[in-house]
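Trainee: Dumping the structure here so I can ask a few things about it.
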Amino acid sequence: MATPQNTPMLTTSVCVPETVHGTHSFKIDRYDLHRGFGVGNCIQSANFTVGGHEWCIRFYPEGYNEDNKDYMSVFLQLKTKNIEVRAIYNLMLVNQAIQPPVLPSNFANFSDGPPVVFDTRNDKLEAWCFVAFKKKCEIEGSSYIWDNSIIIACNLTIITLKDAKEVEAGLVGDIQVPPSELVANLSKLLGSTKGADVCFKVQNEVFHAHEIILALRSPVFWAEFYGPKRIEHRHVKNIEDMQPGVFRGLLHFIYTDSLPTMRDLNASGYEEMLGHLLVAADKYDMKRMKSMCQRKLCQRFDQETVATTLVLAIQYNCSMLKDACIKFINSSSTVDGVVASKGYQQLKRECPTIFADMWEKATKARKF
């Protein structure tokens, strides 16, 4: 059979984002000497390199400005000049009582929201920050201060968009498979009325959603919409036991497979929202979301909040979070502060049997 001579060559091109990941730990020794440092004054880490660019952490012990003088502030700054960089980042204060400490290398596969742009061209946006990073009164006497030092951990992923490469059809070895777009496509449906077939009324807010997506993500929604005991279909469903912000966070996870960033919340508001999201994840049997909430709460509690967090862990069967709380409470340097907290009274009242478990673990720890 003759082969057509003028058949055009079929080609395609693929643009694949490249990512480079890096971590940095910034330790501040002699922390007591930085008290009274003054609002707006910062301590800067050494420069570190990720993705071929220079970065540093700026730490404001007394807050970045007068509006946030009760908080520590932390910035991640791009030092390389005349460049625009897209990145995903996270900054955290390390709880040094948890051994080994939760350092950046332990959460390398994090995803804390969409990328942000650092831009040092013409004095544009060169830094992103947590202005209300941690309340100062929550740090004093806590295990975030260990041997008179604190550690700020940074996790950073640089995103580079490369020019598309032409690939000839049929040359299997040269075909580059682009990354999955499933999550990105589902994210576009979050809050959209297109194709939405169910509404939820939470207090005075209405949320549009898609039954099949909710059902595929949550066994509870599946049973509600498609199970043998499904409730008669109503276009608007009332949610009585949840705040609008929490339900919004639940939908965010369902459509994006990530927790909302919550960067607009201060430290106590952030921890409170994490607790509400954990309860929501438990209610709708979303195990991955529940585990992610546990991990973040393990990174956040202190002397004042650990007892309340332990009550939450016990009530919602969070074994990892429970063990981390008990280990923290049993630390000789933190137990007095925990006992003096309001959450400790709640722990005694609502979970009295946990003390036997705490004593047993403390005894085993002393044997080692």
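Naming works like this for the structure tokens: A, B, ... for the chains as they're shown, residue 1 at the start of each chain, ligands 1 onward in shown order.
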Hey, what's within 12 Å of Asn238 (chain A) if we count only C-alpha atoms and toss same-chain stuff fewer than 2 positions away? As a count of residues only, please?
Mentor: 19
Trainee: Could I get the residues of region 238-309 of chain A with an atom no further than 12 Å from an atom of region 174-189 of chain A, each paired with its nearest atom pair and that distance in Å to one decimal, using only C-alpha atoms, sorted by chain and residue number, as a tab-separated table?
Mentor:
residue	atom	partner	partner_atom	distance
A:Leu251	CA	A:Ser187	CA	10.0
A:His252	CA	A:Ser187	CA	8.1
A:Phe253	CA	A:Ser187	CA	9.4
A:Ile254	CA	A:Ser187	CA	9.0
A:Tyr255	CA	A:Ser187	CA	5.2
A:Thr256	CA	A:Ser187	CA	5.3
A:Asp257	CA	A:Val183	CA	7.3
A:Ser258	CA	A:Val183	CA	9.7
Trainee: Excluding Val335 (chain A) and any residue of its chain fewer than 6 positions from it, enumerate the residues within 12 Å of it, using only C-alpha atoms, and give them as a PyMOL selection string.
Mentor: chain A and resi 97+141-143+302-304+306-307+325-329+341+344+358+362
Trainee: Quick one, how far is CA of Leu321 (chain A) from CA of Arg295 (chain A)?
Mentor: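 Answer for the CA of Leu321 (chain A) to CA of Arg295 (chain A) separation: 7.3 Å.
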Trainee: When you count only C-alpha atoms, which of these residues is closest to Ser192 (chain A): A:Lys69, A:His210, A:Lys296, A:Arg288?
Mentor: A:His210
Trainee: Within 10 Å of Ala280 (chain A), counting only C-alpha atoms, which residues qualify if same-chain residues fewer than 2 places away don't, as a ChimeraX atom specification?
Mentor: /A:241-242,246-247,249-250,274-278,282-286,289-290
Trainee: Take the residues that were just selected and, keeping C-alpha atoms, output them as a short mmCIF file (atom, residue, chain, number, x, y, z; two decimals), in the first residue's frame.
Mentor:
data_model
loop_
_atom_site.label_atom_id
_atom_site.label_comp_id
_atom_site.auth_asym_id
_atom_site.auth_seq_id
_atom_site.Cartn_x
_atom_site.Cartn_y
_atom_site.Cartn_z
CA ASP A 241 -24.46 22.69 64.23
CA MET A 242 -21.73 24.53 62.33
CA VAL A 246 -16.22 26.21 59.25
CA PHE A 247 -18.58 24.91 56.58
CA GLY A 249 -13.49 25.43 55.14
CA LEU A 250 -15.06 21.98 54.80
CA LEU A 274 -8.50 24.09 63.27
CA GLY A 275 -10.48 22.50 66.11
CA HIS A 276 -13.79 23.28 64.40
CA LEU A 277 -12.50 21.88 61.10
CA LEU A 278 -11.40 18.69 62.87
CA ASP A 282 -15.07 13.78 61.97
CA LYS A 283 -18.76 14.45 61.36
CA TYR A 284 -18.45 13.82 57.62
CA ASP A 285 -15.92 10.95 57.99
CA MET A 286 -13.16 12.69 56.05
CA MET A 289 -8.79 16.16 56.50
CA LYS A 290 -9.00 15.02 60.11
#
Trainee: Give me, as a PDB file with N, CA, C and O atoms, in the first residue's frame, the residues of region 186-310 of chain A that a backbone DSSP run labels strand (DSSP E).
Mentor:
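Saved as states_12.pdb:
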ATOM      1  N   VAL A 198     -27.377  21.448  44.803  1.00  0.00           N
ATOM      2  CA  VAL A 198     -27.768  21.433  46.201  1.00  0.00           C
ATOM      3  C   VAL A 198     -27.268  22.716  46.849  1.00  0.00           C
ATOM      4  O   VAL A 198     -26.224  23.258  46.471  1.00  0.00           O
ATOM      5  N   CYS A 199     -28.037  23.220  47.801  1.00  0.00           N
ATOM      6  CA  CYS A 199     -27.651  24.410  48.559  1.00  0.00           C
ATOM      7  C   CYS A 199     -27.674  24.073  50.049  1.00  0.00           C
ATOM      8  O   CYS A 199     -28.518  23.289  50.508  1.00  0.00           O
ATOM      9  N   PHE A 200     -26.753  24.656  50.764  1.00  0.00           N
ATOM     10  CA  PHE A 200     -26.718  24.494  52.214  1.00  0.00           C
ATOM     11  C   PHE A 200     -26.890  25.872  52.852  1.00  0.00           C
ATOM     12  O   PHE A 200     -26.205  26.830  52.472  1.00  0.00           O
ATOM     13  N   LYS A 201     -27.787  25.962  53.804  1.00  0.00           N
ATOM     14  CA  LYS A 201     -27.972  27.203  54.541  1.00  0.00           C
ATOM     15  C   LYS A 201     -27.349  27.030  55.920  1.00  0.00           C
ATOM     16  O   LYS A 201     -27.747  26.162  56.699  1.00  0.00           O
ATOM     17  N   VAL A 202     -26.330  27.840  56.183  1.00  0.00           N
ATOM     18  CA  VAL A 202     -25.629  27.801  57.469  1.00  0.00           C
ATOM     19  C   VAL A 202     -25.809  29.170  58.106  1.00  0.00           C
ATOM     20  O   VAL A 202     -25.235  30.159  57.637  1.00  0.00           O
ATOM     21  N   GLU A 205     -25.976  32.321  55.781  1.00  0.00           N
ATOM     22  CA  GLU A 205     -25.227  32.199  54.533  1.00  0.00           C
ATOM     23  C   GLU A 205     -25.682  30.971  53.757  1.00  0.00           C
ATOM     24  O   GLU A 205     -26.006  29.929  54.348  1.00  0.00           O
ATOM     25  N   VAL A 206     -25.675  31.095  52.423  1.00  0.00           N
ATOM     26  CA  VAL A 206     -26.065  29.994  51.548  1.00  0.00           C
ATOM     27  C   VAL A 206     -24.852  29.575  50.722  1.00  0.00           C
ATOM     28  O   VAL A 206     -24.150  30.421  50.153  1.00  0.00           O
ATOM     29  N   PHE A 207     -24.602  28.254  50.650  1.00  0.00           N
ATOM     30  CA  PHE A 207     -23.476  27.701  49.909  1.00  0.00           C
ATOM     31  C   PHE A 207     -24.007  26.773  48.815  1.00  0.00           C
ATOM     32  O   PHE A 207     -24.796  25.858  49.099  1.00  0.00           O
ATOM     33  N   HIS A 208     -23.577  27.003  47.600  1.00  0.00           N
ATOM     34  CA  HIS A 208     -23.931  26.136  46.480  1.00  0.00           C
ATOM     35  C   HIS A 208     -22.892  25.032  46.338  1.00  0.00           C
ATOM     36  O   HIS A 208     -21.695  25.263  46.520  1.00  0.00           O
ATOM     37  N   ALA A 209     -23.342  23.830  46.014  1.00  0.00           N
ATOM     38  CA  ALA A 209     -22.425  22.700  45.882  1.00  0.00           C
ATOM     39  C   ALA A 209     -22.978  21.686  44.892  1.00  0.00           C
ATOM     40  O   ALA A 209     -24.069  21.870  44.329  1.00  0.00           O
ATOM     41  N   VAL A 236     -32.542  22.984  49.386  1.00  0.00           N
ATOM     42  CA  VAL A 236     -31.810  23.722  50.417  1.00  0.00           C
ATOM     43  C   VAL A 236     -31.772  22.878  51.691  1.00  0.00           C
ATOM     44  O   VAL A 236     -32.812  22.478  52.202  1.00  0.00           O
ATOM     45  N   LYS A 237     -30.564  22.613  52.184  1.00  0.00           N
ATOM     46  CA  LYS A 237     -30.404  21.820  53.398  1.00  0.00           C
ATOM     47  C   LYS A 237     -29.851  22.721  54.484  1.00  0.00           C
ATOM     48  O   LYS A 237     -28.881  23.449  54.285  1.00  0.00           O
ATOM     49  N   ASN A 238     -30.457  22.665  55.653  1.00  0.00           N
ATOM     50  CA  ASN A 238     -30.028  23.483  56.780  1.00  0.00           C
ATOM     51  C   ASN A 238     -28.959  22.752  57.589  1.00  0.00           C
ATOM     52  O   ASN A 238     -29.112  21.572  57.923  1.00  0.00           O
ATOM     53  N   ILE A 239     -27.875  23.436  57.893  1.00  0.00           N
ATOM     54  CA  ILE A 239     -26.822  22.924  58.760  1.00  0.00           C
ATOM     55  C   ILE A 239     -26.927  23.681  60.075  1.00  0.00           C
ATOM     56  O   ILE A 239     -26.655  24.890  60.138  1.00  0.00           O
TER      57      ILE A 239
END
Trainee: Considering only C-alpha atoms, state which residue in the set A:Ala196, A:Met273, A:Met92, A:Val279 is at the smallest distance from Arg300 (chain A).
Mentor: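 Checking each of A:Ala196, A:Met273, A:Met92, A:Val279 against Arg300 (chain A), counting only C-alpha atoms, the winner is A:Met92.
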Trainee: How many Å separate CA of Val116 (chain A) from CA of Asn82 (chain A)?
Mentor: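 One can read the CA of Val116 (chain A) to CA of Asn82 (chain A) distance as 16.8 Å.
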Trainee: Pull the alpha helix (DSSP H) assignments for region 181-331 of chain A out of DSSP run on the backbone, and list those residues as JSON, numbers by chain.
Mentor: {"A": [182, 183, 184, 185, 186, 187, 211, 212, 213, 214, 215, 216, 217, 219, 220, 221, 222, 223, 224, 225, 226, 244, 245, 246, 247, 248, 249, 250, 251, 252, 253, 254, 255, 256, 267, 268, 269, 270, 271, 272, 273, 274, 275, 276, 277, 278, 279, 280, 281, 282, 283, 287, 288, 289, 290, 291, 292, 293, 294, 295, 296, 297, 298, 306, 307, 308, 309, 310, 311, 312, 313, 314, 315, 319, 320, 321, 322, 323, 324, 325, 326, 327, 328, 329]}
Trainee: Which residue out of A:Ser218, A:Asn47, A:Asn95, A:Asn148 has the minimum interatomic distance to Leu78 (chain A) when only C-alpha atoms are used?
Mentor: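 Looking only at the distances to Leu78 (chain A), the closest residue turns out to be A:Asn47.
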Trainee: As an exercise, work out the distance from CA of Ala87 (chain A) to CA of Ile213 (chain A) in Å and give it to one decimal place.
Mentor: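 Distance between the two atoms: 28.9 Å.
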Trainee: Need to verify the contact set: Phe221 (chain A), 9 Å, only C-alpha atoms, exclusion of same-chain residues closer than 5 positions in sequence. Can you return it as a PyMOL selection string?
Mentor: chain A and resi 211-212+214-216+226-227+284
